[in-house]
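*Asks:* For reference, the structure I am asking about is given below.
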Amino acid sequence: MTDKISRADESISSGPSIPIHEPHSLPAAPPGKGIWANLQFIRLFIAYALAAFGDWFDALAIQVMVAYRWGADPLIIALIPVCMAVPGILFGSVAGALADRLHKVRIMLLCDGITVALTLGILLAPSPAWLLPLLALRAMMSVFHVPAQQALTRQVVAEEQLFQASSMNGFVNQCAKVAGPLLGAVVLAFFSPQICILINACARLLSGAVLWPLRHFVEKKEEVMTSEDTGQDRKTSESFFMQWQQGWGYLHRNRTVRNTVIFGCFGLMAILMVDYQFTTLFREIKPGNESLLGGLASSIGGGAIIIILLLNRLPRIGYGWGLGGGYLLIGAGIAALGWIEPNTSGIWIIVLGIWIGLGNGLFMVTMNYVLQKETPPDYVGRVFGIQNSLFSIVLVAAPLAGGAIIRSNGPSPTFQLIGLVTLAIGLAGILLQRMLWAGRSSSTVDKKEEPATQVVL
């Protein structure tokens with residue numbers, strides 16, 4: 001889902017802002033060229049696109065194989081997202097520390113290779129008893145892959161084009177969410193789920209092949225020292241445990257990054273309470289129309305694509321408007337779905353899906369940019385790893401809480417309630433943006449030189 005902070009007195013909002021459209025030179029690119037002249041980013045982007053499209057082919061096939069071909073119990077089906085979330089809880093912050101300590105491209109190549117092997121294992125799995133551990137192990141590879149990719153993006157992309165890079169990553173991810181299931185459904189209509197799983201294995205193999213020329217990429221080392229590690233040797237001589245501690249310490253000291261992660265957790269908690277319950281809602285209000293779920297999912301992805309394209313045309317956007325505004329749009333859409341009645345036209349569900357997608361794309365792009373822009377290169381992997389751990393906890397807890405609320409109150413009232421809560425979180429982000437994202441705490445990170453465009457309280 002990714003461009004630069006301007007001076008505080010040039011901001012159009014009360015918080016820091018993200019210039020979205022500026023021509024700048026890039027690493028390994030001729031001066032004055034755009035981001036697409038950066039061959040290192042192009043390779044990273046293509047590898048990410050291949051992995052994203054492959055994963056959506058795979059996700060659909062696994063659901064079909066478990067639910068329809070094996071006729072698995074609903075409890076087994078419910079364990080699938082849990083198995084895929086637990087590795088993030090256990091290893092997210094560890095993976096982030098490793099991404100900052102080790103060579104990022106080689107981590108990604110290793111993860112791609114192991115993912116191919118595990119995907120072939122899933123292809124041959126005879127029962128859920130074999131499938132669930134393989135899914136958990138493969139999810140663990142993604143836990144290590146994502147922080148390395150985010151940290152590498154921070155290395156190969158010029159600071160003023162981080163937002164554009166995040167935007168393009170978000171764009172391809174949303175395209176994968178829309179096109180992956182549709183193309184996967186076409187493949188399933190003519191072939192077996194195993195073919196879709198095989199496509200994912202091939203996509204990951206190609207992803208590794210695209211990254212292979214970057215295996216000797218020389219990473220930039222930035223002299224970043226906190227008050228706790230001043231006087232110590234550089235990170236090459238620091239222990240892994242010390243670097244892991246420093247990641248949590250940095251998150252604690254940097255108010256902008258800390259508030260962004262906490263704000264994301266609160267909003268995500270509200271959204272995920274109903275994210276897995278759309279089928280429950282539609283079963284009540286539109287019992288004879290099973291295609292609505294697919295239409296809603298596609299319209300959400302389409303809305304995200306629209307907002308990502310629009311973001312690259314705007315002069316800038318404030319942190320509060322991007323993060324809070326995203327949740328405000330999502331909450332309004334979810335609440336409106338709760339007021340849908342059986343005689344309401346299905347076109348309104350598509351419209352609300354687009355509305356939710358606009359908020360989703362706005363929030364995701366802004367959040368990824370904030371975490372990359374406000375974090376020094378040596379800490380990006382650890383910050384994204386910690387975020388992955390916290391979000392994985394939310395991913396497990398929120399659906400269970402949402403299911404309990406729906407069981408006691410019913411789907412429509414629950415959607416109304418959760419939607420209004422999410423809307424309130426977004427509104428609070430907009431109103432309190434000066435307090436949450438106005439700048440950095442003076443004790444965050446000390447650098448030898450501060451960029452002229454740095455926003456500081």
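Chain identifiers are assigned as A, B, and so on, following the order in which chains appear in the structure tokens; residues are numbered from 1 within each chain, and ligands are numbered from 1 in order of appearance.
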May I have the residues within 10 Å of segment 347-354 of chain A as an MDAnalysis selection string, using only C-alpha atoms and disregarding those fewer than 3 positions away in the same chain?
*Replies:* chainID A and resid 292:307 329:330 332:337 340 344 357:360
*Asks:* What lies within 9 Å of Met273 of chain A using only C-alpha atoms, ignoring chain neighbours under 4 positions off, as JSON, numbers by chain?
*Replies:* {"A": [268, 269, 277, 397, 398, 399, 400, 401, 402, 403, 405, 415, 418]}
*Asks:* Would you save the residues of that selection, restricted to all heavy atoms, as a PDB file, in the first residue's frame?
*Replies:*
```
ATOM      1  N   LEU A 268      -8.833  -2.077  14.318  1.00  0.00           N
ATOM      2  CA  LEU A 268      -8.872  -3.418  13.749  1.00  0.00           C
ATOM      3  C   LEU A 268      -9.691  -4.362  14.614  1.00  0.00           C
ATOM      4  O   LEU A 268     -10.398  -5.242  14.104  1.00  0.00           O
ATOM      5  CB  LEU A 268      -7.438  -3.946  13.599  1.00  0.00           C
ATOM      6  CG  LEU A 268      -7.273  -5.246  12.815  1.00  0.00           C
ATOM      7  CD1 LEU A 268      -7.638  -5.040  11.350  1.00  0.00           C
ATOM      8  CD2 LEU A 268      -5.837  -5.759  12.929  1.00  0.00           C
ATOM      9  N   MET A 269      -9.615  -4.190  15.932  1.00  0.00           N
ATOM     10  CA  MET A 269     -10.402  -5.015  16.850  1.00  0.00           C
ATOM     11  C   MET A 269     -11.888  -4.867  16.541  1.00  0.00           C
ATOM     12  O   MET A 269     -12.624  -5.861  16.465  1.00  0.00           O
ATOM     13  CB  MET A 269     -10.110  -4.588  18.295  1.00  0.00           C
ATOM     14  CG  MET A 269     -10.835  -5.411  19.343  1.00  0.00           C
ATOM     15  SD  MET A 269     -10.068  -7.028  19.563  1.00  0.00           S
ATOM     16  CE  MET A 269     -11.089  -7.720  20.869  1.00  0.00           C
ATOM     17  N   GLN A 277     -18.344 -12.271   9.845  1.00  0.00           N
ATOM     18  CA  GLN A 277     -19.769 -12.509  10.108  1.00  0.00           C
ATOM     19  C   GLN A 277     -20.678 -11.961   9.008  1.00  0.00           C
ATOM     20  O   GLN A 277     -21.888 -11.880   9.197  1.00  0.00           O
ATOM     21  CB  GLN A 277     -20.158 -11.870  11.450  1.00  0.00           C
ATOM     22  CG  GLN A 277     -19.385 -12.406  12.642  1.00  0.00           C
ATOM     23  CD  GLN A 277     -19.665 -13.877  12.916  1.00  0.00           C
ATOM     24  OE1 GLN A 277     -20.710 -14.412  12.517  1.00  0.00           O
ATOM     25  NE2 GLN A 277     -18.741 -14.554  13.578  1.00  0.00           N
ATOM     26  N   ALA A 397      -8.547 -12.785  18.811  1.00  0.00           N
ATOM     27  CA  ALA A 397      -9.509 -12.407  19.853  1.00  0.00           C
ATOM     28  C   ALA A 397     -10.769 -11.772  19.291  1.00  0.00           C
ATOM     29  O   ALA A 397     -11.882 -12.052  19.762  1.00  0.00           O
ATOM     30  CB  ALA A 397      -8.844 -11.448  20.837  1.00  0.00           C
ATOM     31  N   ALA A 398     -10.638 -10.907  18.295  1.00  0.00           N
ATOM     32  CA  ALA A 398     -11.785 -10.131  17.814  1.00  0.00           C
ATOM     33  C   ALA A 398     -12.901 -10.988  17.217  1.00  0.00           C
ATOM     34  O   ALA A 398     -14.076 -10.785  17.550  1.00  0.00           O
ATOM     35  CB  ALA A 398     -11.323  -9.081  16.808  1.00  0.00           C
ATOM     36  N   PRO A 399     -12.603 -11.950  16.312  1.00  0.00           N
ATOM     37  CA  PRO A 399     -13.701 -12.764  15.768  1.00  0.00           C
ATOM     38  C   PRO A 399     -14.466 -13.537  16.831  1.00  0.00           C
ATOM     39  O   PRO A 399     -15.689 -13.692  16.728  1.00  0.00           O
ATOM     40  CB  PRO A 399     -12.988 -13.714  14.791  1.00  0.00           C
ATOM     41  CG  PRO A 399     -11.737 -13.005  14.413  1.00  0.00           C
ATOM     42  CD  PRO A 399     -11.323 -12.274  15.655  1.00  0.00           C
ATOM     43  N   LEU A 400     -13.749 -14.026  17.854  1.00  0.00           N
ATOM     44  CA  LEU A 400     -14.429 -14.753  18.925  1.00  0.00           C
ATOM     45  C   LEU A 400     -15.364 -13.824  19.698  1.00  0.00           C
ATOM     46  O   LEU A 400     -16.505 -14.190  20.016  1.00  0.00           O
ATOM     47  CB  LEU A 400     -13.394 -15.366  19.864  1.00  0.00           C
ATOM     48  CG  LEU A 400     -12.462 -16.427  19.249  1.00  0.00           C
ATOM     49  CD1 LEU A 400     -11.420 -16.869  20.263  1.00  0.00           C
ATOM     50  CD2 LEU A 400     -13.265 -17.617  18.748  1.00  0.00           C
ATOM     51  N   ALA A 401     -14.885 -12.609  20.004  1.00  0.00           N
ATOM     52  CA  ALA A 401     -15.725 -11.643  20.717  1.00  0.00           C
ATOM     53  C   ALA A 401     -16.920 -11.242  19.853  1.00  0.00           C
ATOM     54  O   ALA A 401     -18.054 -11.133  20.351  1.00  0.00           O
ATOM     55  CB  ALA A 401     -14.898 -10.409  21.088  1.00  0.00           C
ATOM     56  N   GLY A 402     -16.681 -11.025  18.558  1.00  0.00           N
ATOM     57  CA  GLY A 402     -17.777 -10.660  17.664  1.00  0.00           C
ATOM     58  C   GLY A 402     -18.824 -11.749  17.551  1.00  0.00           C
ATOM     59  O   GLY A 402     -20.034 -11.477  17.547  1.00  0.00           O
ATOM     60  N   GLY A 403     -18.361 -13.000  17.487  1.00  0.00           N
ATOM     61  CA  GLY A 403     -19.306 -14.110  17.421  1.00  0.00           C
ATOM     62  C   GLY A 403     -20.177 -14.199  18.660  1.00  0.00           C
ATOM     63  O   GLY A 403     -21.381 -14.476  18.577  1.00  0.00           O
ATOM     64  N   ILE A 405     -21.021 -11.677  20.650  1.00  0.00           N
ATOM     65  CA  ILE A 405     -21.966 -10.553  20.639  1.00  0.00           C
ATOM     66  C   ILE A 405     -23.115 -10.820  19.677  1.00  0.00           C
ATOM     67  O   ILE A 405     -24.284 -10.564  19.985  1.00  0.00           O
ATOM     68  CB  ILE A 405     -21.239  -9.244  20.276  1.00  0.00           C
ATOM     69  CG1 ILE A 405     -20.208  -8.900  21.342  1.00  0.00           C
ATOM     70  CG2 ILE A 405     -22.235  -8.099  20.122  1.00  0.00           C
ATOM     71  CD1 ILE A 405     -19.341  -7.710  20.996  1.00  0.00           C
ATOM     72  N   PHE A 415     -23.882  -5.312  13.878  1.00  0.00           N
ATOM     73  CA  PHE A 415     -23.239  -4.539  12.826  1.00  0.00           C
ATOM     74  C   PHE A 415     -23.440  -3.040  13.056  1.00  0.00           C
ATOM     75  O   PHE A 415     -22.519  -2.240  12.841  1.00  0.00           O
ATOM     76  CB  PHE A 415     -23.786  -4.946  11.456  1.00  0.00           C
ATOM     77  CG  PHE A 415     -23.014  -6.055  10.798  1.00  0.00           C
ATOM     78  CD1 PHE A 415     -23.073  -7.358  11.279  1.00  0.00           C
ATOM     79  CD2 PHE A 415     -22.220  -5.811   9.702  1.00  0.00           C
ATOM     80  CE1 PHE A 415     -22.366  -8.381  10.689  1.00  0.00           C
ATOM     81  CE2 PHE A 415     -21.489  -6.826   9.088  1.00  0.00           C
ATOM     82  CZ  PHE A 415     -21.576  -8.121   9.584  1.00  0.00           C
ATOM     83  N   ILE A 418     -21.069  -2.127  16.156  1.00  0.00           N
ATOM     84  CA  ILE A 418     -19.645  -2.160  15.825  1.00  0.00           C
ATOM     85  C   ILE A 418     -19.311  -1.079  14.813  1.00  0.00           C
ATOM     86  O   ILE A 418     -18.254  -0.436  14.878  1.00  0.00           O
ATOM     87  CB  ILE A 418     -19.242  -3.548  15.288  1.00  0.00           C
ATOM     88  CG1 ILE A 418     -19.500  -4.628  16.363  1.00  0.00           C
ATOM     89  CG2 ILE A 418     -17.777  -3.557  14.874  1.00  0.00           C
ATOM     90  CD1 ILE A 418     -18.764  -4.413  17.652  1.00  0.00           C
TER      91      ILE A 418
END
```
*Asks:* Go through A:Gly92, A:Pro213, A:Gly325, A:Gly264 one by one, measure the shortest atom-to-atom distance of each to Leu39 of chain A using only C-alpha atoms, and give the residue with the smallest value.
*Replies:*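 Counting only C-alpha atoms, the residue closest to Leu39 of chain A is A:Pro213.
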*Asks:* Give me, as a tab-separated table, the closest atom pair and its distance (Å, one decimal) for every residue of segment 94-159 of chain A within a cut-off of 8 Å of segment 373-392 of chain A, counting only C-alpha atoms, rows sorted by chain and rising number.
*Replies:*
```
residue	atom	partner	partner_atom	distance
A:Val94	CA	A:Gly385	CA	7.0
A:Ala95	CA	A:Gly385	CA	5.8
A:Gly96	CA	A:Arg382	CA	3.7
A:Ala97	CA	A:Arg382	CA	4.7
A:Leu98	CA	A:Gly381	CA	7.7
A:Ala99	CA	A:Gly381	CA	5.1
A:Asp100	CA	A:Gly381	CA	5.2
A:Val143	CA	A:Asn388	CA	7.4
A:Val146	CA	A:Phe384	CA	7.9
A:Pro147	CA	A:Gly381	CA	4.6
A:Ala148	CA	A:Gly381	CA	6.0
A:Gln150	CA	A:Gly381	CA	6.7
A:Ala151	CA	A:Gly381	CA	5.1
A:Arg154	CA	A:Pro377	CA	6.2
A:Gln155	CA	A:Pro377	CA	6.7
A:Glu159	CA	A:Lys373	CA	7.2
```
*Asks:* Counting only C-alpha atoms, which of A:Gln246, A:Gln40, A:Asn368, A:Ser167 gets nearest to Leu152 of chain A?
*Replies:*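 Closest candidate: A:Gln40.
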*Asks:* Name the residues in contact with Pro413 of chain A at a cut-off of 9 Å, using only C-alpha atoms, excluding same-chain residues fewer than 6 positions from it; report them as a PyMOL selection string.
*Replies:* chain A and resi 335+338-339+406
